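Content type PDB, C-alpha atoms, from the file protein.pdb:
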```
MODEL        1
ATOM      1  CA  MET A1338       0.000   0.000   0.000
ATOM      2  CA  THR A1339       1.508   3.327  -1.055
ATOM      3  CA  MET A1340       1.890   6.009   1.586
ATOM      4  CA  GLN A1341      -0.495   8.935   1.129
ATOM      5  CA  THR A1342       1.434  12.157   0.425
ATOM      6  CA  ILE A1343       0.241  15.729   0.910
ATOM      7  CA  LYS A1344       1.878  18.791  -0.641
ATOM      8  CA  ILE A1345       2.474  21.831   1.556
ATOM      9  CA  GLN A1346       0.721  24.941   0.220
ATOM     10  CA  PRO A1347       1.146  28.597   1.185
ATOM     11  CA  LEU A1348      -1.303  29.646   3.893
ATOM     12  CA  ASN A1349      -4.092  31.968   2.788
ATOM     13  CA  ALA A1350      -7.476  32.956   4.211
ATOM     14  CA  LYS A1351      -9.568  31.373   1.457
ATOM     15  CA  SER A1352      -7.999  27.908   1.623
ATOM     16  CA  PHE A1353      -7.936  27.972   5.435
ATOM     17  CA  ALA A1354     -11.540  29.203   5.813
ATOM     18  CA  PRO A1355     -13.037  25.747   6.540
ATOM     19  CA  TYR A1356     -10.755  25.483   9.581
ATOM     20  CA  GLY A1357     -10.633  28.984  11.016
ATOM     21  CA  GLU A1358      -9.012  32.341  10.415
ATOM     22  CA  VAL A1359      -5.598  33.551   9.293
ATOM     23  CA  ILE A1360      -4.303  36.246  11.679
ATOM     24  CA  ALA A1361      -2.370  38.613   9.413
ATOM     25  CA  CYS A1362      -2.327  42.149   8.055
ATOM     26  CA  LYS A1363      -1.915  40.980   4.473
ATOM     27  CA  ASP A1364      -5.192  40.895   2.508
ATOM     28  CA  ASN A1365      -7.144  42.379   5.428
ATOM     29  CA  ASP A1366      -8.702  45.816   5.924
ATOM     30  CA  PHE A1367      -7.837  48.169   8.759
ATOM     31  CA  PHE A1368      -8.886  51.469  10.275
ATOM     32  CA  HIS A1369      -6.696  54.102  11.897
ATOM     33  CA  ILE A1370      -6.601  54.593  15.655
ATOM     34  CA  ASN A1371      -4.321  56.383  18.155
ATOM     35  CA  ASP A1372      -4.240  59.717  16.310
ATOM     36  CA  GLN A1373      -3.251  57.994  13.029
ATOM     37  CA  HIS A1374      -0.245  56.315  14.602
ATOM     38  CA  THR A1375      -1.692  52.821  14.330
ATOM     39  CA  GLU A1376      -3.569  50.660  11.837
ATOM     40  CA  ARG A1377      -6.065  48.380  13.593
ATOM     41  CA  TYR A1378      -6.739  45.103  11.770
ATOM     42  CA  HIS A1379      -9.846  44.570  13.821
ATOM     43  CA  ALA A1380     -11.137  41.279  15.197
ATOM     44  CA  LEU A1381      -9.423  39.052  12.647
ATOM     45  CA  ALA A1382     -10.722  36.212  14.804
ATOM     46  CA  GLU A1383     -12.850  35.790  17.911
ATOM     47  CA  ALA A1384     -12.080  33.364  20.702
ATOM     48  CA  GLU A1385     -14.648  30.618  21.258
ATOM     49  CA  THR A1386     -14.984  29.218  24.761
ATOM     50  CA  ASP A1387     -17.433  27.913  27.343
ATOM     51  CA  ALA A1388     -15.117  29.115  30.114
ATOM     52  CA  LYS A1389     -12.299  31.701  30.161
ATOM     53  CA  VAL A1390      -9.893  32.840  27.459
ATOM     54  CA  GLY A1391      -6.223  32.667  28.357
ATOM     55  CA  LEU A1392      -2.966  33.883  26.880
ATOM     56  CA  SER A1393      -0.185  31.326  26.974
ATOM     57  CA  ILE A1394       3.128  30.855  25.227
ATOM     58  CA  PHE A1395       3.957  27.600  23.472
ATOM     59  CA  ARG A1396       7.723  27.144  23.064
ATOM     60  CA  ASN A1397       8.379  24.359  20.601
ATOM     61  CA  ILE A1398      11.677  22.713  21.503
ATOM     62  CA  LYS A1399      11.857  20.148  18.688
ATOM     63  CA  ASN A1400      11.908  21.228  15.080
ATOM     64  CA  THR A1401      10.357  19.407  12.131
ATOM     65  CA  GLU A1402      12.201  18.736   8.884
ATOM     66  CA  ILE A1403      10.372  18.452   5.574
ATOM     67  CA  PRO A1404       9.346  15.852   4.436
ATOM     68  CA  PHE A1405       7.808  14.436   7.598
ATOM     69  CA  GLN A1406       5.181  11.907   8.595
ATOM     70  CA  VAL A1407       2.074  12.558  10.629
ATOM     71  CA  SER A1408      -0.002   9.887  12.308
ATOM     72  CA  MET A1409      -2.511  11.781  14.439
ATOM     73  CA  LEU A1410      -4.714  14.846  14.673
ATOM     74  CA  GLU A1411      -6.413  16.412  17.657
ATOM     75  CA  ARG A1412      -9.351  18.751  18.201
ATOM     76  CA  HIS A1413     -10.684  20.931  20.995
ATOM     77  CA  PRO A1414     -14.485  20.568  20.897
ATOM     78  CA  VAL A1415     -15.374  23.487  23.180
ATOM     79  CA  GLY A1416     -12.706  26.084  22.434
ATOM     80  CA  SER A1417     -10.890  27.788  19.600
ATOM     81  CA  GLN A1418      -7.092  27.873  19.684
ATOM     82  CA  ALA A1419      -4.914  30.507  18.038
ATOM     83  CA  PHE A1420      -1.173  30.379  17.353
ATOM     84  CA  ILE A1421       0.715  33.558  16.458
ATOM     85  CA  PRO A1422       4.491  33.565  15.893
ATOM     86  CA  MET A1423       6.419  35.869  18.253
ATOM     87  CA  GLN A1424       9.598  36.145  16.172
ATOM     88  CA  GLY A1425       8.166  36.338  12.667
ATOM     89  CA  GLN A1426       8.979  32.683  12.169
ATOM     90  CA  SER A1427       7.368  30.400   9.623
ATOM     91  CA  PHE A1428       5.522  27.277  10.811
ATOM     92  CA  LEU A1429       3.519  24.340   9.522
ATOM     93  CA  ILE A1430      -0.194  23.637   9.786
ATOM     94  CA  VAL A1431      -1.850  20.261   9.128
ATOM     95  CA  VAL A1432      -5.651  20.081   9.226
ATOM     96  CA  ALA A1433      -8.561  18.005   8.011
ATOM     97  CA  PRO A1434     -12.328  18.525   7.821
ATOM     98  CA  ALA A1435     -14.607  16.227   9.786
ATOM     99  CA  LEU A1436     -15.801  13.011   8.133
ATOM    100  CA  ASP A1437     -18.397  12.346  10.808
ATOM    101  CA  GLN A1438     -18.968  13.187  14.480
ATOM    102  CA  VAL A1439     -15.801  11.472  15.681
ATOM    103  CA  THR A1440     -13.434  11.125  12.707
ATOM    104  CA  PRO A1441     -11.426  13.510  10.506
ATOM    105  CA  ASP A1442     -11.619  12.988   6.745
ATOM    106  CA  LEU A1443      -8.039  11.950   5.986
ATOM    107  CA  SER A1444      -8.746  11.912   2.261
ATOM    108  CA  LYS A1445      -9.029  15.697   2.556
ATOM    109  CA  LEU A1446      -5.997  16.295   4.788
ATOM    110  CA  GLN A1447      -4.282  19.621   3.996
ATOM    111  CA  ALA A1448      -0.896  21.091   4.898
ATOM    112  CA  PHE A1449      -0.076  24.807   4.924
ATOM    113  CA  ILE A1450       2.980  26.892   5.673
ATOM    114  CA  SER A1451       2.752  30.312   7.334
ATOM    115  CA  ASP A1452       5.133  32.931   5.959
ATOM    116  CA  GLY A1453       5.904  34.044   9.533
ATOM    117  CA  THR A1454       3.674  37.147   9.422
ATOM    118  CA  GLN A1455       0.627  34.885   9.634
ATOM    119  CA  GLY A1456      -0.921  33.228  12.660
ATOM    120  CA  VAL A1457      -3.911  30.926  12.657
ATOM    121  CA  ASN A1458      -7.019  30.471  14.764
ATOM    122  CA  TYR A1459      -8.490  26.981  14.763
ATOM    123  CA  ARG A1460     -12.203  27.157  15.359
ATOM    124  CA  ALA A1461     -13.617  24.906  18.078
ATOM    125  CA  GLY A1462     -13.711  21.319  16.869
ATOM    126  CA  THR A1463     -11.212  21.723  14.021
ATOM    127  CA  TRP A1464      -9.002  18.664  13.530
ATOM    128  CA  HIS A1465      -5.383  19.842  13.517
ATOM    129  CA  HIS A1466      -1.899  18.566  14.212
ATOM    130  CA  PRO A1467      -0.110  19.864  17.319
ATOM    131  CA  LEU A1468       2.399  22.663  16.741
ATOM    132  CA  LEU A1469       4.999  21.960  14.030
ATOM    133  CA  THR A1470       7.926  24.345  13.699
ATOM    134  CA  LEU A1471      10.857  24.516  11.309
ATOM    135  CA  GLU A1472      13.204  25.841  13.964
ATOM    136  CA  ALA A1473      13.573  25.333  17.716
ATOM    137  CA  PRO A1474      13.205  26.899  20.161
ATOM    138  CA  SER A1475      10.279  28.687  18.563
ATOM    139  CA  ASP A1476       7.763  30.769  20.529
ATOM    140  CA  PHE A1477       4.079  31.348  19.812
ATOM    141  CA  VAL A1478       1.446  33.235  21.715
ATOM    142  CA  VAL A1479      -1.544  30.928  22.095
ATOM    143  CA  ILE A1480      -5.051  32.148  22.820
ATOM    144  CA  ASP A1481      -7.322  29.363  23.937
ATOM    145  CA  ARG A1482      -9.909  28.169  26.423
ATOM    146  CA  ILE A1483      -8.926  27.982  30.071
ATOM    147  CA  GLY A1484     -11.404  25.723  31.776
ATOM    148  CA  THR A1485     -12.015  22.380  33.388
ATOM    149  CA  GLY A1486     -13.535  19.304  31.786
ATOM    150  CA  PRO A1487     -12.480  17.421  28.653
ATOM    151  CA  ASN A1488     -11.526  19.486  25.604
ATOM    152  CA  CYS A1489      -9.123  17.361  23.589
ATOM    153  CA  ASP A1490      -9.991  14.476  21.277
ATOM    154  CA  VAL A1491      -7.185  12.579  19.548
ATOM    155  CA  TYR A1492      -7.501  10.570  16.332
ATOM    156  CA  SER A1493      -4.706   8.121  15.473
ATOM    157  CA  PHE A1494      -4.321   7.333  11.774
ATOM    158  CA  PRO A1495      -4.516   3.748  10.509
ATOM    159  CA  GLN A1496      -1.283   4.541   8.622
ATOM    160  CA  GLN A1497       1.149   7.456   8.461
ATOM    161  CA  VAL A1498       0.776  10.259   5.924
ATOM    162  CA  CYS A1499       3.794  11.984   4.368
ATOM    163  CA  ILE A1500       3.855  15.813   4.199
ATOM    164  CA  GLU A1501       6.220  17.192   1.582
ATOM    165  CA  ASN A1502       7.080  20.264  -0.466
TER
ATOM    166  CA  MET B 224       7.636  74.978  36.471
ATOM    167  CA  THR B 225      10.024  72.148  35.660
ATOM    168  CA  MET B 226       8.783  69.358  33.420
ATOM    169  CA  GLN B 227       8.266  66.054  35.248
ATOM    170  CA  THR B 228      10.639  63.383  33.955
ATOM    171  CA  ILE B 229      10.263  59.613  34.181
ATOM    172  CA  LYS B 230      13.066  57.110  33.649
ATOM    173  CA  ILE B 231      12.400  54.056  31.491
ATOM    174  CA  GLN B 232      12.963  50.805  33.372
ATOM    175  CA  PRO B 233      13.219  47.231  32.103
ATOM    176  CA  LEU B 234       9.871  45.451  32.099
ATOM    177  CA  ASN B 235       9.434  42.720  34.702
ATOM    178  CA  ALA B 236       6.481  40.950  36.256
ATOM    179  CA  LYS B 237       6.911  42.329  39.764
ATOM    180  CA  SER B 238       7.056  46.000  38.793
ATOM    181  CA  PHE B 239       4.246  45.593  36.276
ATOM    182  CA  ALA B 240       1.966  43.626  38.632
ATOM    183  CA  PRO B 241      -0.211  46.615  39.629
ATOM    184  CA  TYR B 242      -1.145  47.063  35.966
ATOM    185  CA  GLY B 243      -1.446  43.530  34.620
ATOM    186  CA  GLU B 244       0.695  40.639  33.447
ATOM    187  CA  VAL B 245       3.912  40.274  31.492
ATOM    188  CA  ILE B 246       3.454  37.685  28.706
ATOM    189  CA  ALA B 247       6.859  35.996  28.469
ATOM    190  CA  CYS B 248       8.632  32.687  28.977
ATOM    191  CA  LYS B 249      11.354  34.247  31.089
ATOM    192  CA  ASP B 250      10.791  33.857  34.837
ATOM    193  CA  ASN B 251       7.672  31.729  34.320
ATOM    194  CA  ASP B 252       7.027  28.025  34.836
ATOM    195  CA  PHE B 253       5.892  25.632  32.117
ATOM    196  CA  PHE B 254       4.770  22.066  31.627
ATOM    197  CA  HIS B 255       5.436  19.792  28.680
ATOM    198  CA  ILE B 256       2.751  18.968  26.113
ATOM    199  CA  ASN B 257       2.641  17.454  22.620
ATOM    200  CA  ASP B 258       4.768  14.401  23.446
ATOM    201  CA  GLN B 259       7.527  16.598  24.976
ATOM    202  CA  HIS B 260       7.852  18.705  21.818
ATOM    203  CA  THR B 261       6.434  21.819  23.435
ATOM    204  CA  GLU B 262       6.712  23.794  26.675
ATOM    205  CA  ARG B 263       3.388  25.345  27.650
ATOM    206  CA  TYR B 264       3.669  28.566  29.660
ATOM    207  CA  HIS B 265       0.086  28.259  30.719
ATOM    208  CA  ALA B 266      -2.428  31.064  31.125
ATOM    209  CA  LEU B 267       0.111  33.820  31.702
ATOM    210  CA  ALA B 268      -2.909  36.123  31.556
ATOM    211  CA  GLU B 269      -6.668  35.802  31.196
ATOM    212  CA  ALA B 270      -8.797  38.054  29.032
ATOM    213  CA  GLU B 271     -11.364  40.165  30.863
ATOM    214  CA  THR B 272     -14.513  41.106  28.991
ATOM    215  CA  ASP B 273     -18.263  41.642  29.287
ATOM    216  CA  ALA B 274     -18.643  40.689  25.646
ATOM    217  CA  LYS B 275     -16.420  38.725  23.224
ATOM    218  CA  VAL B 276     -12.641  38.370  23.053
ATOM    219  CA  GLY B 277     -11.078  39.198  19.706
ATOM    220  CA  LEU B 278      -7.688  38.815  18.091
ATOM    221  CA  SER B 279      -6.557  41.870  16.165
ATOM    222  CA  ILE B 280      -3.268  43.164  14.825
ATOM    223  CA  PHE B 281      -2.087  46.673  15.636
ATOM    224  CA  ARG B 282       0.459  47.916  13.108
ATOM    225  CA  ASN B 283       2.169  51.004  14.457
ATOM    226  CA  ILE B 284       3.189  53.196  11.538
ATOM    227  CA  LYS B 285       4.914  56.012  13.462
ATOM    228  CA  ASN B 286       7.905  55.314  15.665
ATOM    229  CA  THR B 287       8.794  57.043  18.930
ATOM    230  CA  GLU B 288      12.256  58.379  19.692
ATOM    231  CA  ILE B 289      13.566  58.588  23.248
ATOM    232  CA  PRO B 290      13.280  61.024  25.017
ATOM    233  CA  PHE B 291       9.634  61.785  24.264
ATOM    234  CA  GLN B 292       6.737  63.621  25.839
ATOM    235  CA  VAL B 293       3.401  62.155  26.816
ATOM    236  CA  SER B 294       0.296  64.167  27.556
ATOM    237  CA  MET B 295      -2.493  61.606  27.895
ATOM    238  CA  LEU B 296      -3.409  58.146  29.105
ATOM    239  CA  GLU B 297      -6.412  56.011  28.314
ATOM    240  CA  ARG B 298      -8.171  53.074  29.972
ATOM    241  CA  HIS B 299     -10.691  50.436  28.951
ATOM    242  CA  PRO B 300     -13.027  50.017  31.927
ATOM    243  CA  VAL B 301     -14.728  46.781  30.850
ATOM    244  CA  GLY B 302     -11.986  44.848  29.083
ATOM    245  CA  SER B 303      -8.361  43.831  29.360
ATOM    246  CA  GLN B 304      -6.040  44.518  26.429
ATOM    247  CA  ALA B 305      -2.908  42.550  25.602
ATOM    248  CA  PHE B 306      -0.085  43.491  23.222
ATOM    249  CA  ILE B 307       2.420  40.868  22.070
ATOM    250  CA  PRO B 308       5.190  41.679  19.577
ATOM    251  CA  MET B 309       5.056  39.615  16.362
ATOM    252  CA  GLN B 310       8.666  40.201  15.275
ATOM    253  CA  GLY B 311      10.465  40.044  18.617
ATOM    254  CA  GLN B 312      10.609  43.814  18.672
ATOM    255  CA  SER B 313      11.079  45.956  21.758
ATOM    256  CA  PHE B 314       8.395  48.506  22.668
ATOM    257  CA  LEU B 315       7.526  51.084  25.315
ATOM    258  CA  ILE B 316       4.881  50.977  28.026
ATOM    259  CA  VAL B 317       3.666  53.984  30.018
ATOM    260  CA  VAL B 318       1.186  53.382  32.852
ATOM    261  CA  ALA B 319      -0.122  54.928  36.046
ATOM    262  CA  PRO B 320      -2.212  53.667  38.954
ATOM    263  CA  ALA B 321      -5.610  55.252  39.626
ATOM    264  CA  LEU B 322      -5.741  58.301  41.892
ATOM    265  CA  ASP B 323      -9.529  58.170  42.200
ATOM    266  CA  GLN B 324     -12.470  56.885  40.165
ATOM    267  CA  VAL B 325     -11.764  59.068  37.149
ATOM    268  CA  THR B 326      -8.114  60.172  37.327
ATOM    269  CA  PRO B 327      -4.711  58.486  37.014
ATOM    270  CA  ASP B 328      -2.078  59.304  39.634
ATOM    271  CA  LEU B 329       0.499  61.113  37.521
ATOM    272  CA  SER B 330       2.873  61.365  40.474
ATOM    273  CA  LYS B 331       3.251  57.576  40.118
ATOM    274  CA  LEU B 332       3.569  57.433  36.332
ATOM    275  CA  GLN B 333       5.906  54.611  35.235
ATOM    276  CA  ALA B 334       7.628  53.786  31.954
ATOM    277  CA  PHE B 335       8.863  50.324  30.961
ATOM    278  CA  ILE B 336      10.620  48.851  27.968
ATOM    279  CA  SER B 337       9.927  45.309  26.742
ATOM    280  CA  ASP B 338      12.974  43.383  25.563
ATOM    281  CA  GLY B 339      10.982  42.128  22.572
ATOM    282  CA  THR B 340      10.298  38.658  24.029
ATOM    283  CA  GLN B 341       7.780  40.225  26.422
ATOM    284  CA  GLY B 342       4.208  41.238  25.793
ATOM    285  CA  VAL B 343       1.876  42.868  28.283
ATOM    286  CA  ASN B 344      -1.737  42.465  29.324
ATOM    287  CA  TYR B 345      -3.356  45.580  30.755
ATOM    288  CA  ARG B 346      -6.091  44.595  33.165
ATOM    289  CA  ALA B 347      -9.487  46.221  32.688
ATOM    290  CA  GLY B 348      -9.358  49.816  33.883
ATOM    291  CA  THR B 349      -5.564  50.202  33.801
ATOM    292  CA  TRP B 350      -4.452  53.665  32.733
ATOM    293  CA  HIS B 351      -1.943  53.255  29.889
ATOM    294  CA  HIS B 352      -0.554  55.144  26.934
ATOM    295  CA  PRO B 353      -1.540  53.980  23.437
ATOM    296  CA  LEU B 354       1.029  51.804  21.648
ATOM    297  CA  LEU B 355       4.549  53.283  21.503
ATOM    298  CA  THR B 356       7.116  51.586  19.263
ATOM    299  CA  LEU B 357      10.762  52.242  18.583
ATOM    300  CA  GLU B 358      10.507  51.175  14.957
ATOM    301  CA  ALA B 359       7.775  51.406  12.319
ATOM    302  CA  PRO B 360       6.018  49.560  10.868
ATOM    303  CA  SER B 361       5.775  47.380  13.940
ATOM    304  CA  ASP B 362       3.143  44.647  14.363
ATOM    305  CA  PHE B 363       1.507  43.393  17.562
ATOM    306  CA  VAL B 364      -1.189  40.854  18.142
ATOM    307  CA  VAL B 365      -3.795  42.451  20.393
ATOM    308  CA  ILE B 366      -6.264  40.472  22.465
ATOM    309  CA  ASP B 367      -9.106  42.625  23.707
ATOM    310  CA  ARG B 368     -12.829  43.003  24.158
ATOM    311  CA  ILE B 369     -15.010  43.050  21.076
ATOM    312  CA  GLY B 370     -18.308  44.580  22.054
ATOM    313  CA  THR B 371     -20.588  47.568  21.789
ATOM    314  CA  GLY B 372     -20.954  50.406  24.281
ATOM    315  CA  PRO B 373     -18.309  52.735  25.686
ATOM    316  CA  ASN B 374     -14.991  51.211  26.741
ATOM    317  CA  CYS B 375     -12.405  53.963  26.433
ATOM    318  CA  ASP B 376     -11.755  56.824  28.871
ATOM    319  CA  VAL B 377      -9.102  59.422  28.048
ATOM    320  CA  TYR B 378      -7.266  61.604  30.559
ATOM    321  CA  SER B 379      -5.382  64.640  29.238
ATOM    322  CA  PHE B 380      -2.503  65.847  31.420
ATOM    323  CA  PRO B 381      -2.380  69.420  32.735
ATOM    324  CA  GLN B 382       1.214  69.469  31.437
ATOM    325  CA  GLN B 383       3.444  67.138  29.415
ATOM    326  CA  VAL B 384       5.697  64.577  31.063
ATOM    327  CA  CYS B 385       9.094  63.667  29.615
ATOM    328  CA  ILE B 386      10.024  59.962  29.323
ATOM    329  CA  GLU B 387      13.775  59.332  29.102
ATOM    330  CA  ASN B 388      16.484  56.720  29.453
TER
ENDMDL
END
```
Please express the file's structure as structure tokens.
Amino acid sequence: MTMQTIKIQPLNAKSFAPYGEVIACKDNDFFHINDQHTERYHALAEAETDAKVGLSIFRNIKNTEIPFQVSMLERHPVGSQAFIPMQGQSFLIVVAPALDQVTPDLSKLQAFISDGTQGVNYRAGTWHHPLLTLEAPSDFVVIDRIGTGPNCDVYSFPQQVCIEN
Amino acid sequence: MTMQTIKIQPLNAKSFAPYGEVIACKDNDFFHINDQHTERYHALAEAETDAKVGLSIFRNIKNTEIPFQVSMLERHPVGSQAFIPMQGQSFLIVVAPALDQVTPDLSKLQAFISDGTQGVNYRAGTWHHPLLTLEAPSDFVVIDRIGTGPNCDVYSFPQQVCIEN
């Protein structure tokens, strides 16, 4: 059986729309605030939660080299989760739409690369791979639900999928 | 009458505590997630809001040179507001505690500089100066309240204050 391979594509709002929002200035409107000193790219995403919204930092300490294999996805049913690079660094995003209530549709798996000016917000319930970075250490501000109770489902693939350029 | 002058000090959690939280890895604990690939610096701050929490980008298009004069502060009574640098860039923070219900205590004005790995979260009601950056353009992810109704008070100083190294 041949290994399924997925090509990495540049991240953009249109392609990523089924999964959430791209947090970036590029291709978005703004209005001026602060006596014209600042452009506000307003509410590029909204946090979803049944509890509180927290600001954390994720420091990835192991880098990923392309090509690489993935064998799982996770989702947070009751909270969105946003990742925004803190040093303008590029990073990788692997997502899939839902096939049914409990399974991602691996035939529609997609891989994106942020250009480093782009963050992402995964909407609640979006199947996504945990943080994948090209360099380490690599810091991201993460905006997600802070609450008690289960909020992470994991799906293990029947076989690995290769992500490549 | 001599102009009041304030020295800029390095940003740290203890000094900033009356105003909110410093969003940084340094000096904070973490736990491992993602099969030991990632350090999570968990819930360094929580968003305060009576409405929704949004993710925006503020692009500052005018830089500030030190020394500089300030003549106003603002506050958001019903929402916190966090600023995290997206390119590891340093920035300036000017804050004051409240003197009474409607006035900041200018005799206790403080100025901080982030080392570029540090963001800040102003708690709801904290008197602070709008975004001040040393370079332009300069991008920050901003996490704040998205809602209707008034949420910005402005206090204009009786005379300018000089901020210097």
- Tell me, in Å to one decimal, how far atom CA of Leu1392 of chain A is from atom CA of Val1479 of chain A.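 We find that atom CA of Leu1392 of chain A and atom CA of Val1479 of chain A lie 5.8 Å from each other.
In this structure, atom CA of Pro1467 of chain A sits 16.7 Å away from atom CA of Val1415 of chain A.
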- Written as a list in words, what is the full residue list that the ChimeraX specification (/B :<7) & /A yields on the file shown?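 Checking the ChimeraX specification (/B :<7) & /A against this file, the residues are Cys1362, Asn1371, His1374, Thr1375, Glu1376, Arg1377, Tyr1378, His1379, Ala1380, Leu1381, Ala1382, Glu1383, Ala1384, Val1390, Gly1391, Leu1392, Ser1393, Ile1394, Phe1395, Arg1396, Asn1397, Ile1398, Lys1399, Pro1422, Met1423, Gln1424, Gly1425 and Pro1467 of chain A.
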- Can you list, as a list in words, every protein, DNA or RNA residue that comes within 12 Å of Ala1435 of chain A when you count all atoms listed in the file, leaving out same-chain residues fewer than 3 positions away?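 Answer for this query is Pro1355, Tyr1356, Leu1410, Glu1411, Arg1412, Pro1414, Val1432, Gln1438, Val1439, Thr1440, Pro1441, Asp1442, Leu1443, Ser1444, Lys1445, Leu1446, Gly1462, Thr1463, Trp1464, His1465 and Tyr1492 of chain A.
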Axis-aligned box over every listed atom of segment 283-296 of chain B, padded by 6 Å per side: centre and edges in Å to one decimal, as AutoDock Vina command-line options?
```
--center_x 5.1 --center_y 57.6 --center_z 20.3 --size_x 29.0 --size_y 25.2 --size_z 29.6
```
- At what distance in Å, to one decimal, does atom CA of Gly302 of chain B lie from atom CA of Leu357 of chain B?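 These atoms are spaced 26.1 Å apart.
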- Message: Let me make sure I understand: among B:Phe335, B:Phe291, B:Tyr345, B:Phe314, which one has the smallest atom-to-atom distance to Val384 of chain B if we use only C-alpha atoms?
- Response: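 Checking each candidate against Val384 of chain B, we get B:Phe291 as the closest.
When you apply the PyMOL selection byres ((chain A and resi 1358) around 6) to this structure, what comes back is A:Gly1357, A:Val1359, A:Val1457, A:Asn1458.
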- Task: Extract, using only C-alpha atoms, all DNA, RNA and protein residues at most 7 Å from segment 227-232 of chain B, discarding same-chain residues fewer than 3 positions from it, and format them as a list in words.
- Result: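 The residues satisfying every condition are Gln333, Ala334, Phe335, Ile336, Val384, Cys385, Ile386, Glu387 and Asn388 of chain B.
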- Closest to Pro373 of chain B among B:Gln304, B:Asp273, B:Asn251, B:Ala319, using all atoms listed in the file?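 Using all atoms listed in the file, the shortest distance to Pro373 of chain B belongs to B:Asp273.
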Would you mind writing segment 1478-1483 of chain A with all heavy atoms, as a CSV table (one decimal), in the coordinates of the input?
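Output saved as part_2.csv:
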```
chain,number,residue,atom,x,y,z
A,1478,VAL,N,2.5,32.9,20.8
A,1478,VAL,CA,1.4,33.2,21.7
A,1478,VAL,C,0.2,32.4,21.3
A,1478,VAL,O,-0.1,32.3,20.1
A,1478,VAL,CB,1.2,34.8,21.8
A,1478,VAL,CG1,0.7,35.3,20.5
A,1478,VAL,CG2,0.1,35.0,22.9
A,1479,VAL,N,-0.4,31.8,22.3
A,1479,VAL,CA,-1.5,30.9,22.1
A,1479,VAL,C,-2.7,31.5,22.9
A,1479,VAL,O,-2.6,31.8,24.1
A,1479,VAL,CB,-1.2,29.5,22.5
A,1479,VAL,CG1,-2.5,28.6,22.5
A,1479,VAL,CG2,-0.1,28.9,21.7
A,1480,ILE,N,-3.8,31.6,22.2
A,1480,ILE,CA,-5.1,32.1,22.8
A,1480,ILE,C,-6.1,31.0,22.8
A,1480,ILE,O,-6.5,30.6,21.7
A,1480,ILE,CB,-5.6,33.4,22.1
A,1480,ILE,CG1,-4.6,34.5,22.2
A,1480,ILE,CG2,-6.9,33.9,22.7
A,1480,ILE,CD1,-3.6,34.6,21.0
A,1481,ASP,N,-6.4,30.5,23.9
A,1481,ASP,CA,-7.3,29.4,23.9
A,1481,ASP,C,-8.1,29.3,25.2
A,1481,ASP,O,-7.9,30.1,26.2
A,1481,ASP,CB,-6.6,28.0,23.6
A,1481,ASP,CG,-5.6,27.6,24.6
A,1481,ASP,OD1,-5.4,28.2,25.6
A,1481,ASP,OD2,-5.0,26.5,24.4
A,1482,ARG,N,-9.0,28.4,25.3
A,1482,ARG,CA,-9.9,28.2,26.4
A,1482,ARG,C,-9.1,27.8,27.7
A,1482,ARG,O,-8.3,26.9,27.6
A,1482,ARG,CB,-10.9,27.1,26.1
A,1482,ARG,CG,-11.8,26.6,27.2
A,1482,ARG,CD,-12.6,25.4,26.8
A,1482,ARG,NE,-13.5,24.8,27.8
A,1482,ARG,CZ,-13.1,23.8,28.6
A,1482,ARG,NH1,-12.0,23.3,28.5
A,1482,ARG,NH2,-14.1,23.4,29.4
A,1483,ILE,N,-9.4,28.4,28.8
A,1483,ILE,CA,-8.9,28.0,30.1
A,1483,ILE,C,-10.1,27.5,30.9
A,1483,ILE,O,-11.0,28.3,31.3
A,1483,ILE,CB,-8.2,29.1,30.8
A,1483,ILE,CG1,-7.1,29.7,29.9
A,1483,ILE,CG2,-7.6,28.7,32.1
A,1483,ILE,CD1,-5.9,28.8,29.6
```
